[in-house]
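Some notes on the structure that comes next.
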Amino acid sequence: MSTTPKTQANLLQSLNQALHDAMEDDPAVIVFGEDIADPEGGGIVKLTHGLSTKFGARVRSTPISEMAFVGAAVGAAVAGFKPVVEIMLMNFTAVCMDQITNHAAKLRFMSGGQTHVPMVIRTMTGSGMQNGGQHSDFLEAWFCHTPGIKVVMPSNPVDGYGLLRSAIDDPDPVLFVEHLPSYWLPGAAPERGSRIPIGKARVHRQGCDVTVIGYSRAMHDIAPVAEKLAADGIACEVIDLRTVSPLDMDTVLTSVKKTGRAVVVHEAVKSFGVGAEVSSRIHEALFRELKAPVERVASADSPVPYAPPLEAAFLYRPADIETAIRKTLA
Amino acid sequence: MSTTPKTQANLLQSLNQALHDAMEDDPAVIVFGEDIADPEGGGIVKLTHGLSTKFGARVRSTPISEMAFVGAAVGAAVAGFKPVVEIMLMNFTAVCMDQITNHAAKLRFMSGGQTHVPMVIRTMTGSGMQNGGQHSDFLEAWFCHTPGIKVVMPSNPVDGYGLLRSAIDDPDPVLFVEHLPSYWLPGAAPERGSRIPIGKARVHRQGCDVTVIGYSRAMHDIAPVAEKLAADGIACEVIDLRTVSPLDMDTVLTSVKKTGRAVVVHEAVKSFGVGAEVSSRIHEALFRELKAPVERVASADSPVPYAPPLEAAFLYRPADIETAIRKTLA
Amino acid sequence: MHANEADGKTLVAIYRKMALIKHSDDRVIDAMKAGRMQMPYYSARGQECIPAAISVLLDDADYLVTIYRGVHDMLAKGLPAKLLWAELAGKATGSCKGKGGPMHLTYPSKGCMVTTGIVGASLPIACGLALAAQLRGETRVTIANFGDGASNIGAFHESLNLASVWKLPVVFVCQNNRYAEHTSYAKGTSCERIADRAAAYAMPGVRVDGNDPRAVYRVAQTAIARARAGEGPTLIEAMTFRFNGHLIGDMGEYIPKADYAAALAADPYPRFRQQLLDDRHASAAELDAIDAAVREEIDDAEAFAMSSPPPDAREVTRDVYAHDIA
Amino acid sequence: MHANEADGKTLVAIYRKMALIKHSDDRVIDAMKAGRMQMPYYSARGQECIPAAISVLLDDADYLVTIYRGVHDMLAKGLPAKLLWAELAGKATGSCKGKGGPMHLTYPSKGCMVTTGIVGASLPIACGLALAAQLRGETRVTIANFGDGASNIGAFHESLNLASVWKLPVVFVCQNNRYAEHTSYAKGTSCERIADRAAAYAMPGVRVDGNDPRAVYRVAQTAIARARAGEGPTLIEAMTFRFNGHLIGDMGEYIPKADYAAALAADPYPRFRQQLLDDRHASAAELDAIDAAVREEIDDAEAFAMSSPPPDAREVTRDVYAHDIA
Ligand SMILES: Cc1ncc(C[n+]2csc(CCOP(=O)(O)OP(=O)(O)O)c2C)c(N)n1
Ligand SMILES: Cc1ncc(C[n+]2csc(CCOP(=O)(O)OP(=O)(O)O)c2C)c(N)n1
Ligand SMILES: [Mg+2]
Ligand SMILES: [Mg+2]
């Protein structure tokens with residue numbers, strides 16, 4: 001995988017490339033997690049394929065001990081390494097939450113800046129694969145509400161590469177959330193060594209009628225809706241947050257100032273989700289300029305079900321995005 | 001403590017009373033947690049004092065094993081008991097997050113309603129005691145974003161008693177968050193056996209100019225500000241949410257419809273906090289009726305510091321509440 | 001014959017459970033290969049002897065907690081094949097109404113209390129079920145299943161310690177199939193034998209050949225009797241192997257060919273069948289009849305699953321809480 | 001004399017560290033009783049012998065991770081008393097600028113890397129520091145301190161297993177003071193000796209009298225040598241007692257009077273002083289001089305702390321990330 005044609009790549013390939021390049025460029029980068037070394041297949045989706053063969057002891061498969069190996073990443077980071085650890089699925093952050101939120105996120109502050117934790121936690125998630133209630137959740141809101149850690153959620157191979165390289169460079173801990181079902185979607189290949197700044201959103205599409213804000217999988221659902229509405233003469237300005245914490249409110253507010261309308265979309269359950277923070281900040285900053293209240297499109301407030309028809313009922317439907325957009329224009 | 005004069009009681013006494021009465025009234029109620037039995041002092045603040053002496057094996061001090069004993073509470077609840085477990089401080093939920101969010105909150109749904117988890121998790125927290133970054137956080141937003149568990153946060157002895165009794169009666173898991181620094185504030189004593197419904201906010205003070213919404217410790221800071229402003233002819237309607245998830249939006253929206261203005265206050269850090277959800281829902285429901293954007297007053301987006309002057313700088317100042325209220329009136 | 005030696009009738013009952021597990025598993029894989037079914041399926045084929053031999057010592061009142069790789073445990077304990085199949089197929093008639101799937105199989109009326117997809121999480125919950133039985137003064141026992149890899153996660157440690165301190169009536173059954181996903185035993189586990197970890201909790205720990213029904217029955221009988229007598233928990237390490245990889249689709253490249261071949265050669269199902277014949281506990285005709293009956297049960301189960309309706313979309317708003325959500 | 005026997009000079013060095021810890025602790029409590037200071041303070045008085053004897057075997061490059069009850073570990077490893085006192089007092093001149101307090105003492109230039117307030121969390125982090133040394137091919141060792149109660153939490157288990165599988169250069173030091181907050185050892189811990197738990201990780205485990213400097217030195221010397229030689233981790237259980245309860249204010253009602261009295265009678269500080277005199281390693285005058293010098297160091301530290309300015313309110317926006325927040 002480390003020799004991908006430079007023209008096209010999927011997210012899986014671009015992240016694998018980013019890890020290869022980062023380890024090549026910086027001897028401080030180390031990688032570990034369950035099944036990630038080549039004897040174990042190079043990761044359950046082969047995302048870390050080739051790393052252990054090339055970089056030896058710097059790449060390790062771990063026991064099923066998230067507390068121990070995430071904590072070990074914290075310690076190695078304090079000692080000057082740049083660990084990139086994989087927590088296989090996002091729900092498993094729940095077994096090592098303490099090391100992430102009480103330690104990785106806080107050691108710089110609690111030590112008065114004497115130590116810091118330049119580590120990256122990679123994890124994957126997403127519904128639609130019949131993985132059920134304990135293997136599909138988007139839990140980014142938990143970590144966004146935790147000062148001291150950043151949350152990055154790419155939606156395409158180029159951003160994935162550049163954001164992962166920036167996350168590894170970053171002097172502070174970064175939670176890097178990957179959407180499992182879209183690993184295999186083809187896209188443009190990243191430039192070797194390219195960086196995408198953390199904390200900067202991307203205007204995916206220009207438009208003057210309504211701002212549609214999303215990240216991760218939502219971008220795949222928003223794009224076609226924006227296309228469709230363009231045909232009806234509704235010009236959506238589509239923003240990919242890319243980094244969910246800290247939020248790039250400059251980009252968001254600049255757009256909403258222009259459009260006067262906004263819709264926020266994410267897969268995570270709606271209540272107390274990221275959409276609430278984005279919506280509140282827009283209302284707080286642009287209350288007078290807004291032509292309609294900010295709409296939120298998200299999943300049902302339930303665990304993720306198993307049966308495909310229920311998974312479909314859990315997730316917002318693309319039609320919900322269109323409805324929300326039209327509502328702001330009504 | 002189980003024999004408090006019925007006229008006055010502090011939160012500590014009323015919660016102790018609620019546990020005594022619940023265990024007396026319902027043999028299915030069991031209590032465990034670290035140091036909670038009488039040989040261990042009846043809890044670090046003596047909140048569970050007297051229970052083990054009176055109820056024997058139904059009350060147990062546990063090893064320092066939050067995963068095991070919270071999981072054991074889940075299992076006992078599935079088997080028909082009503083466990084009330086204490087996670088000493090709220091930050092320690094991070095070591096047993098998996099049992100709370102992946103299991104307690106989800107078993108009813110994942111089993112298709114064949115099992116359910118009628119348990120209560122009591123925990124205490126709050127800054128202002130120099131406990132620092134790992135012993136002071138308000139993390140309710142994590143659990144509010146988790147469908148399947150309810151979040152209750154009383155602000156006074158009467159609500160504390162009635163809500164704890166209702167939480168124990170409830171067929172679903174309830175996270176019951178207590179504000180440690182206000183345990184010893186005197187208040188009215190609860191009626192034995194009284195219940196306060198979960199999911200119902202309380203209008204603490206009537207007013208027509210601005211709605212001020214809070215819960216837990218925030219109520220102690222809001223009340224005097226409302227008094228002060230009343231003298232200046234500003235009539236605040238003060239709402240104590242009491243239950244943070246599910247939110248009682250009927251009560252909130254009825255009030256804001258009347259006042260056209262709202263301020264939300266909580267101790268938890270501001271970004272991605274409960275205030276964002278409340279603010280978004282008000283804007284979504286009453287955009288046209290609102291005279292000003294909803295204001296949020298909360299703590300700085302940092303870990304909780306140790307030194308008293310920094311703790312003061314971390315927490316919102318009462319003056320911030322007044323400023324926010326006046327801002328909505330400007 | 002000792003109390004903890006299985007008699008012929010019991011051995012045949014174990015065989016029937018093994019047959020049910022094997023034929024159901026074969027059929028699921030066949031259905032998936034043929035495209036009749038689709039799911040993340042964690043086959044336990046090769047491990048059927050463990051729950052088969054344990055469950056003949058249990059009754060419906062006894063509790064069972066297991067993991068994503070738990071179809072064998074559930075079938076052995078009494079989850080009806082129809083309800084299992086409908087659940088796997090994601091139908092409204094499934095034991096969990098299609099909401100749980102293979103990782104969350106549940107059927108309380110037969111003591112199938114919880115199935116978890118989180119490694120290690122089955123143990124604390126089992127402690128709670130056992131605590132319930134202890135507080136009620138029942139002789140009910142709780143069986144907690146988990147894998148070898150799970151013995152390296154914190155919940156294992158906390159649970160065995162708590163169970164020992166509180167003398168809980170629970171039997172911890174580690175089904176050691178020598179792999180945790182694609183990671184071999186030694187790469188993740190520092191000790192030679194997981195059974196030895198019991199000493200850290202002043203608890204009996206015993207390793208047994210998980211492919212030998214008589215041996216599993218023997219150690220389980222002792223552990224269950226100990227639990228029922230209020231003497232506390234036991235850790236059983238049952239050595240076994242999973243024939244179909246971690247998940248269907250897993251090609252097992254990480255397993256040395258020779259090991260794989262040896263494991264297949266030790267397939268407990270044909271081996272046990274031969275033993276029953278050799279020891280004259282049953283005739284070939286009797287065992288064939290059992291297999292035929294079981295296959296018919298699976299036919300019915302698949303037909304029931306396939307002909308059942310999908311769940312109603314509104315089910316997403318149900319069972320989140322006791323009351324429906326908007 | 002064996003390599004692992006402390007010589008006279010070393011024993012006196014250990015005495016100096018014990019004196020520093022004792023006098024600092026006495027003074028903190030005096031300052032709190034007199035109202036000069038206020039904080040949640042977890043006294044380690046009674047346990048001073050353990051870090052004193054271990055730290056003479058370490059140099060500044062070696063790493064230390066400890067817990068809220070870690071002032072003794074930090075002072076022994078080299079955290080300057082002034083910076084400790086200023087931190088306890090919550091001053092801008094504290095080692096953590098007043099942001100961390102007693103539960104988060106840090107001073108990397110002497111290898112004082114992390115202090116945690118979460119039970120068990122010191123162990124995984126220590127594994128990571130040890131991994132760093134291993135990857136760099138250094139002989140640097142990491143000391144991970146924790147209590148007896150912590151040996152029942154999941155992070156302990158996962159960390160010892162990981163350290164053993166990866167042969168990490170770490171020494172796990174369980175300071176067994178027989179209580180976890182108000183819970184006595186046996187109520188929370190299922191095994192007789194925590195040292196025996198090492199077997200579950202194929203790791204050497206040794207119990208030692210934590211009040212005997214020579215004994216602690218001996219076992220620590222062996223464990224540290226083993227770690228530096230790349231042979232892997234060791235678990236040391238050092239038996240001790242905390243004289244001032246869990247937190248200042250704790251009256252110790254849960255401790256049987258006789259046990260308390262016996263523990264006080266075994267106070268390591270006067271006992272060791274007498275041994276040094278008996279063995280002629282130092283004269284009373286020499287030891288008095290050490291105590292006097294240490295007391296002076298504490299006088300300066302308290303004066304420095306008291307006269308230092310409080311942190312600026314803007315510090316709340318600093319050190320959350322590398323860049324300041326709004
Ligand atoms: C806490 C947690 N971490 C990781 C996983 C991903 N995972 C699922 S199964 C598995 C391997 C478990 O191996 P073992 O315990 O031996 O059970 P087996 O699958 O072999 O039956 C892993 C790592 C998980 N489900 N939960
Ligand atoms: C995960 C977690 N649970 C509970 C606590 C509360 N707590 C603080 S110290 C302590 C007792 C620890 O006992 P031990 O490990 O023996 O250390 P000691 O205090 O005796 O030195 C407890 C339960 C905590 N800090 N972290
Ligand atoms: Mg296995
Ligand atoms: Mg202790």
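For the structure tokens, the naming scheme is as follows: chains receive sequential letters (A, B, ...) according to their order of presentation, residues are indexed from 1 within each chain, and ligands are indexed from 1 in presentation order.
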*Name the residues in contact with Ala312 of chain A at a cut-off of 10 Å, using only C-alpha atoms, excluding same-chain residues fewer than 4 positions from it; report them as a ChimeraX atom specification.*
/A:127-128,299,304-308,316-317 /C:313,316
*Would you name the residues within 9 Å of ligand 1, counting only C-alpha atoms and all ligand atoms, and put them as a VMD selection string?*
(chain A and resid 34 to 35 63 to 66 87 to 89 91 to 96 134 to 135) or (chain B and resid 98) or (chain C and resid 42 to 44 67 to 70 116 to 121 146 to 153 174 to 185 241 to 242 245 to 247)
Give me, as a Markdown table, the closest atom pair and its distance (Å, one decimal) for every residue of chain A within a cut-off of 9 Å of chain B, counting only C-alpha atoms, rows sorted by chain and rising number.
| residue | atom | partner | partner_atom | distance |
| --- | --- | --- | --- | --- |
| A:Met67 | CA | B:Val95 | CA | 8.9 |
| A:Asn91 | CA | B:Asn102 | CA | 7.5 |
| A:Phe92 | CA | B:Asp98 | CA | 7.6 |
| A:Thr93 | CA | B:Asp98 | CA | 8.2 |
| A:Ala94 | CA | B:Asp98 | CA | 4.6 |
| A:Val95 | CA | B:Asp98 | CA | 5.3 |
| A:Cys96 | CA | B:Val95 | CA | 6.7 |
| A:Met97 | CA | B:Ala94 | CA | 5.0 |
| A:Asp98 | CA | B:Ala94 | CA | 4.6 |
| A:Gln99 | CA | B:Ala94 | CA | 8.3 |
| A:Ile100 | CA | B:Ala94 | CA | 8.9 |
| A:Thr101 | CA | B:Ala94 | CA | 7.6 |
| A:Asn102 | CA | B:Gln134 | CA | 6.0 |
| A:His103 | CA | B:Gln134 | CA | 8.5 |
| A:Ala105 | CA | B:Pro303 | CA | 8.5 |
| A:Lys106 | CA | B:Pro303 | CA | 6.4 |
| A:Phe109 | CA | B:Pro303 | CA | 7.0 |
| A:Met110 | CA | B:Gly133 | CA | 6.7 |
| A:Gly132 | CA | B:Met110 | CA | 8.1 |
| A:Gly133 | CA | B:Met110 | CA | 6.7 |
| A:Gln134 | CA | B:Asn102 | CA | 6.0 |
| A:Leu139 | CA | B:His145 | CA | 8.3 |
| A:Ala141 | CA | B:Phe272 | CA | 6.7 |
| A:Trp142 | CA | B:Trp142 | CA | 5.1 |
| A:Phe143 | CA | B:Trp142 | CA | 8.6 |
| A:Cys144 | CA | B:Phe272 | CA | 6.4 |
| A:His145 | CA | B:Phe272 | CA | 5.0 |
| A:Thr146 | CA | B:Asp301 | CA | 8.0 |
| A:Pro147 | CA | B:Ser302 | CA | 5.1 |
| A:Gly148 | CA | B:Ser302 | CA | 7.0 |
| A:Val269 | CA | B:His145 | CA | 7.3 |
| A:Lys270 | CA | B:His145 | CA | 8.0 |
| A:Ser271 | CA | B:His145 | CA | 5.9 |
| A:Phe272 | CA | B:His145 | CA | 5.0 |
| A:Gly273 | CA | B:His145 | CA | 6.4 |
| A:Val274 | CA | B:Phe272 | CA | 6.5 |
| A:Gly275 | CA | B:Glu277 | CA | 8.6 |
| A:Ala276 | CA | B:Glu277 | CA | 5.1 |
| A:Glu277 | CA | B:Ala276 | CA | 5.1 |
| A:Val278 | CA | B:Ala276 | CA | 8.4 |
| A:Ser279 | CA | B:Ser280 | CA | 5.9 |
| A:Ser280 | CA | B:Ser280 | CA | 5.3 |
| A:Arg281 | CA | B:Ala276 | CA | 8.3 |
| A:His283 | CA | B:Pro293 | CA | 6.2 |
| A:Glu284 | CA | B:Pro293 | CA | 5.5 |
| A:Ala285 | CA | B:Pro293 | CA | 8.4 |
| A:Leu286 | CA | B:Pro293 | CA | 8.7 |
| A:Phe287 | CA | B:Pro293 | CA | 5.9 |
| A:Arg288 | CA | B:Ala292 | CA | 8.4 |
| A:Ala292 | CA | B:Phe287 | CA | 7.3 |
| A:Pro293 | CA | B:Glu284 | CA | 5.5 |
| A:Val294 | CA | B:Glu284 | CA | 6.8 |
| A:Glu295 | CA | B:Glu284 | CA | 7.1 |
| A:Arg296 | CA | B:Ser280 | CA | 8.9 |
| A:Asp301 | CA | B:Pro147 | CA | 5.6 |
| A:Ser302 | CA | B:Pro147 | CA | 5.2 |
| A:Pro303 | CA | B:Pro147 | CA | 6.3 |
| A:Val304 | CA | B:Met110 | CA | 8.7 |
| A:Pro305 | CA | B:Met110 | CA | 7.2 |
| A:Tyr306 | CA | B:Met110 | CA | 8.4 |
Take the selection from the previous step and output its residues with C-alpha atoms, as a PDB file, in the first residue's frame.
ATOM      1  CA  MET A  67      -5.866   1.445  29.310  1.00  0.00           C
ATOM      2  CA  ASN A  91     -16.852   2.782  21.376  1.00  0.00           C
ATOM      3  CA  PHE A  92     -13.731   1.251  22.889  1.00  0.00           C
ATOM      4  CA  THR A  93     -12.574   4.711  23.967  1.00  0.00           C
ATOM      5  CA  ALA A  94     -14.975   4.009  26.852  1.00  0.00           C
ATOM      6  CA  VAL A  95     -12.568   1.464  28.344  1.00  0.00           C
ATOM      7  CA  CYS A  96      -9.651   3.920  28.373  1.00  0.00           C
ATOM      8  CA  MET A  97     -11.455   7.227  28.804  1.00  0.00           C
ATOM      9  CA  ASP A  98      -9.413   7.984  31.910  1.00  0.00           C
ATOM     10  CA  GLN A  99      -6.076   7.999  30.123  1.00  0.00           C
ATOM     11  CA  ILE A 100      -7.509  10.146  27.328  1.00  0.00           C
ATOM     12  CA  THR A 101      -9.477  12.740  29.287  1.00  0.00           C
ATOM     13  CA  ASN A 102      -7.871  12.813  32.747  1.00  0.00           C
ATOM     14  CA  HIS A 103      -4.285  12.393  31.538  1.00  0.00           C
ATOM     15  CA  ALA A 105      -5.717  16.078  27.791  1.00  0.00           C
ATOM     16  CA  LYS A 106      -4.630  17.514  31.150  1.00  0.00           C
ATOM     17  CA  PHE A 109      -2.007  22.122  32.192  1.00  0.00           C
ATOM     18  CA  MET A 110      -1.624  20.308  35.501  1.00  0.00           C
ATOM     19  CA  GLY A 132     -24.871  -2.787  16.338  1.00  0.00           C
ATOM     20  CA  GLY A 133     -24.988  -0.765  19.507  1.00  0.00           C
ATOM     21  CA  GLN A 134     -21.438  -1.161  20.803  1.00  0.00           C
ATOM     22  CA  LEU A 139     -18.747  10.002  20.298  1.00  0.00           C
ATOM     23  CA  ALA A 141     -18.878  15.366  21.467  1.00  0.00           C
ATOM     24  CA  TRP A 142     -17.418  13.729  24.598  1.00  0.00           C
ATOM     25  CA  PHE A 143     -13.914  14.736  23.578  1.00  0.00           C
ATOM     26  CA  CYS A 144     -14.859  18.149  22.203  1.00  0.00           C
ATOM     27  CA  HIS A 145     -16.173  18.891  25.711  1.00  0.00           C
ATOM     28  CA  THR A 146     -12.744  17.959  27.124  1.00  0.00           C
ATOM     29  CA  PRO A 147     -10.291  20.897  27.078  1.00  0.00           C
ATOM     30  CA  GLY A 148      -6.736  19.877  26.200  1.00  0.00           C
ATOM     31  CA  VAL A 269     -27.105  11.408  17.880  1.00  0.00           C
ATOM     32  CA  LYS A 270     -28.621  14.849  17.864  1.00  0.00           C
ATOM     33  CA  SER A 271     -29.080  15.743  21.525  1.00  0.00           C
ATOM     34  CA  PHE A 272     -26.071  17.370  23.177  1.00  0.00           C
ATOM     35  CA  GLY A 273     -24.061  16.782  20.016  1.00  0.00           C
ATOM     36  CA  VAL A 274     -21.564  18.899  18.098  1.00  0.00           C
ATOM     37  CA  GLY A 275     -24.431  20.460  16.157  1.00  0.00           C
ATOM     38  CA  ALA A 276     -25.684  22.118  19.328  1.00  0.00           C
ATOM     39  CA  GLU A 277     -22.393  23.949  19.857  1.00  0.00           C
ATOM     40  CA  VAL A 278     -22.169  25.079  16.229  1.00  0.00           C
ATOM     41  CA  SER A 279     -25.802  26.186  16.265  1.00  0.00           C
ATOM     42  CA  SER A 280     -25.442  28.096  19.544  1.00  0.00           C
ATOM     43  CA  ARG A 281     -22.334  29.910  18.385  1.00  0.00           C
ATOM     44  CA  HIS A 283     -27.034  32.256  16.959  1.00  0.00           C
ATOM     45  CA  GLU A 284     -24.864  34.058  19.501  1.00  0.00           C
ATOM     46  CA  ALA A 285     -22.732  35.735  16.849  1.00  0.00           C
ATOM     47  CA  LEU A 286     -25.239  36.421  14.072  1.00  0.00           C
ATOM     48  CA  PHE A 287     -28.640  36.571  15.739  1.00  0.00           C
ATOM     49  CA  ARG A 288     -29.634  39.787  13.900  1.00  0.00           C
ATOM     50  CA  ALA A 292     -34.073  31.617  10.015  1.00  0.00           C
ATOM     51  CA  PRO A 293     -33.019  29.558  12.997  1.00  0.00           C
ATOM     52  CA  VAL A 294     -30.083  27.208  12.457  1.00  0.00           C
ATOM     53  CA  GLU A 295     -31.306  23.689  11.704  1.00  0.00           C
ATOM     54  CA  ARG A 296     -29.686  20.507  12.984  1.00  0.00           C
ATOM     55  CA  ASP A 301     -31.481   9.665  20.078  1.00  0.00           C
ATOM     56  CA  SER A 302     -31.106   5.903  20.405  1.00  0.00           C
ATOM     57  CA  PRO A 303     -28.358   3.300  20.426  1.00  0.00           C
ATOM     58  CA  VAL A 304     -27.359   2.092  16.961  1.00  0.00           C
ATOM     59  CA  PRO A 305     -29.573  -0.856  16.008  1.00  0.00           C
ATOM     60  CA  TYR A 306     -28.508  -4.026  14.190  1.00  0.00           C
TER      61      TYR A 306
END
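Counting only C-alpha atoms, Pro310 of chain C has the following residues at most 7 Å away, ignoring those fewer than 4 positions along the same chain: Gly90, Lys91 and Ala92 of chain C.
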Residue selection dump (N, CA, C and O atoms) as a PDB file, in the first residue's frame:
ATOM      1  N   GLY C  90     -31.940 -10.302  11.440  1.00  0.00           N
ATOM      2  CA  GLY C  90     -32.419  -8.944  11.677  1.00  0.00           C
ATOM      3  C   GLY C  90     -33.916  -8.797  11.508  1.00  0.00           C
ATOM      4  O   GLY C  90     -34.396  -7.785  11.001  1.00  0.00           O
ATOM      5  N   LYS C  91     -34.651  -9.798  11.952  1.00  0.00           N
ATOM      6  CA  LYS C  91     -36.095  -9.765  11.798  1.00  0.00           C
ATOM      7  C   LYS C  91     -36.816  -9.373  13.084  1.00  0.00           C
ATOM      8  O   LYS C  91     -36.284  -9.516  14.188  1.00  0.00           O
ATOM      9  N   ALA C  92     -38.049  -8.904  12.927  1.00  0.00           N
ATOM     10  CA  ALA C  92     -38.865  -8.475  14.070  1.00  0.00           C
ATOM     11  C   ALA C  92     -39.125  -9.630  15.033  1.00  0.00           C
ATOM     12  O   ALA C  92     -39.379  -9.421  16.222  1.00  0.00           O
TER      13      ALA C  92
END
_Within 10 Å of Ala319 of chain A using only C-alpha atoms, minus same-chain residues under 6 positions, as a PyMOL selection string_ = chain A and resi 221-222+225+325
Store the residues picked out above in a file with C-alpha atoms, as a PDB file, in the first residue's frame.
ATOM      1  CA  ASP A 221     -24.550  12.986   2.096  1.00  0.00           C
ATOM      2  CA  ILE A 222     -24.501  16.783   1.815  1.00  0.00           C
ATOM      3  CA  VAL A 225     -28.172  17.275  -1.915  1.00  0.00           C
ATOM      4  CA  ILE A 325     -32.315  23.433   3.969  1.00  0.00           C
TER       5      ILE A 325
END
*asked:* Residues of chain D were defined as contacting chain C if any atom lay at most 8 Å from it, counting only C-alpha atoms; please report them as a VMD selection string.
replied: chain D and resid 152 to 158 161 to 162 164 to 165 187 to 192 194 196 to 197 199 to 202
*asked:* as a ChimeraX atom specification, could you give me every residue of chain D near chain A (at most 6 Å apart, counting only C-alpha atoms)?
replied: /D:96-97,99-100,106,124-125,127-129,132,158-159,319-321
*Using only C-alpha atoms, determine which residues lie at most 7 Å from segment 5-22 of chain B, disregarding the query and same-chain residues fewer than 6 positions distant; provide the list as a count of residues only.*
18
*Give the answer as one residue: which of D:Ala262, D:Ala144, D:Ile21, D:Ala225 has the shortest atom-to-atom distance to Asp291 of chain D, using only C-alpha atoms?*
D:Ile21
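Backbone DSSP of segment 38-187 of chain D yields strand (DSSP E) at D:Tyr63, D:Leu64, D:Val65, D:Thr66, D:Ile67, D:Cys112, D:Met113, D:Val114, D:Thr115, D:Thr116, D:Thr142, D:Ile143, D:Ala144, D:Asn145, D:Phe146, D:Gly147, D:Val170, D:Val171, D:Phe172, D:Val173, D:Cys174, D:Gln175, D:Asn176, D:Tyr179, D:Ala180, D:Thr183, D:Ser184.
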*asked:* Applying 9 Å and only C-alpha atoms, which residues near Gly46 of chain D remain after dropping the ones on its own chain fewer than 2 positions away? List them as a PyMOL selection string.
replied: chain D and resi 22+43-44+48-49+177+211+240-244+263-264+266-269
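Coordinates place atom CA of Val158 of chain B at a distance of 22.7 Å from atom CA of Gly207 of chain B.
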_Please extract the residues of segment 67-292 of chain A with a backbone DSSP assignment of alpha helix (DSSP H) and present them as a PyMOL selection string._
chain A and resi 67-78+97+107-110+140-144+157-169+218-231+249-259+274-286
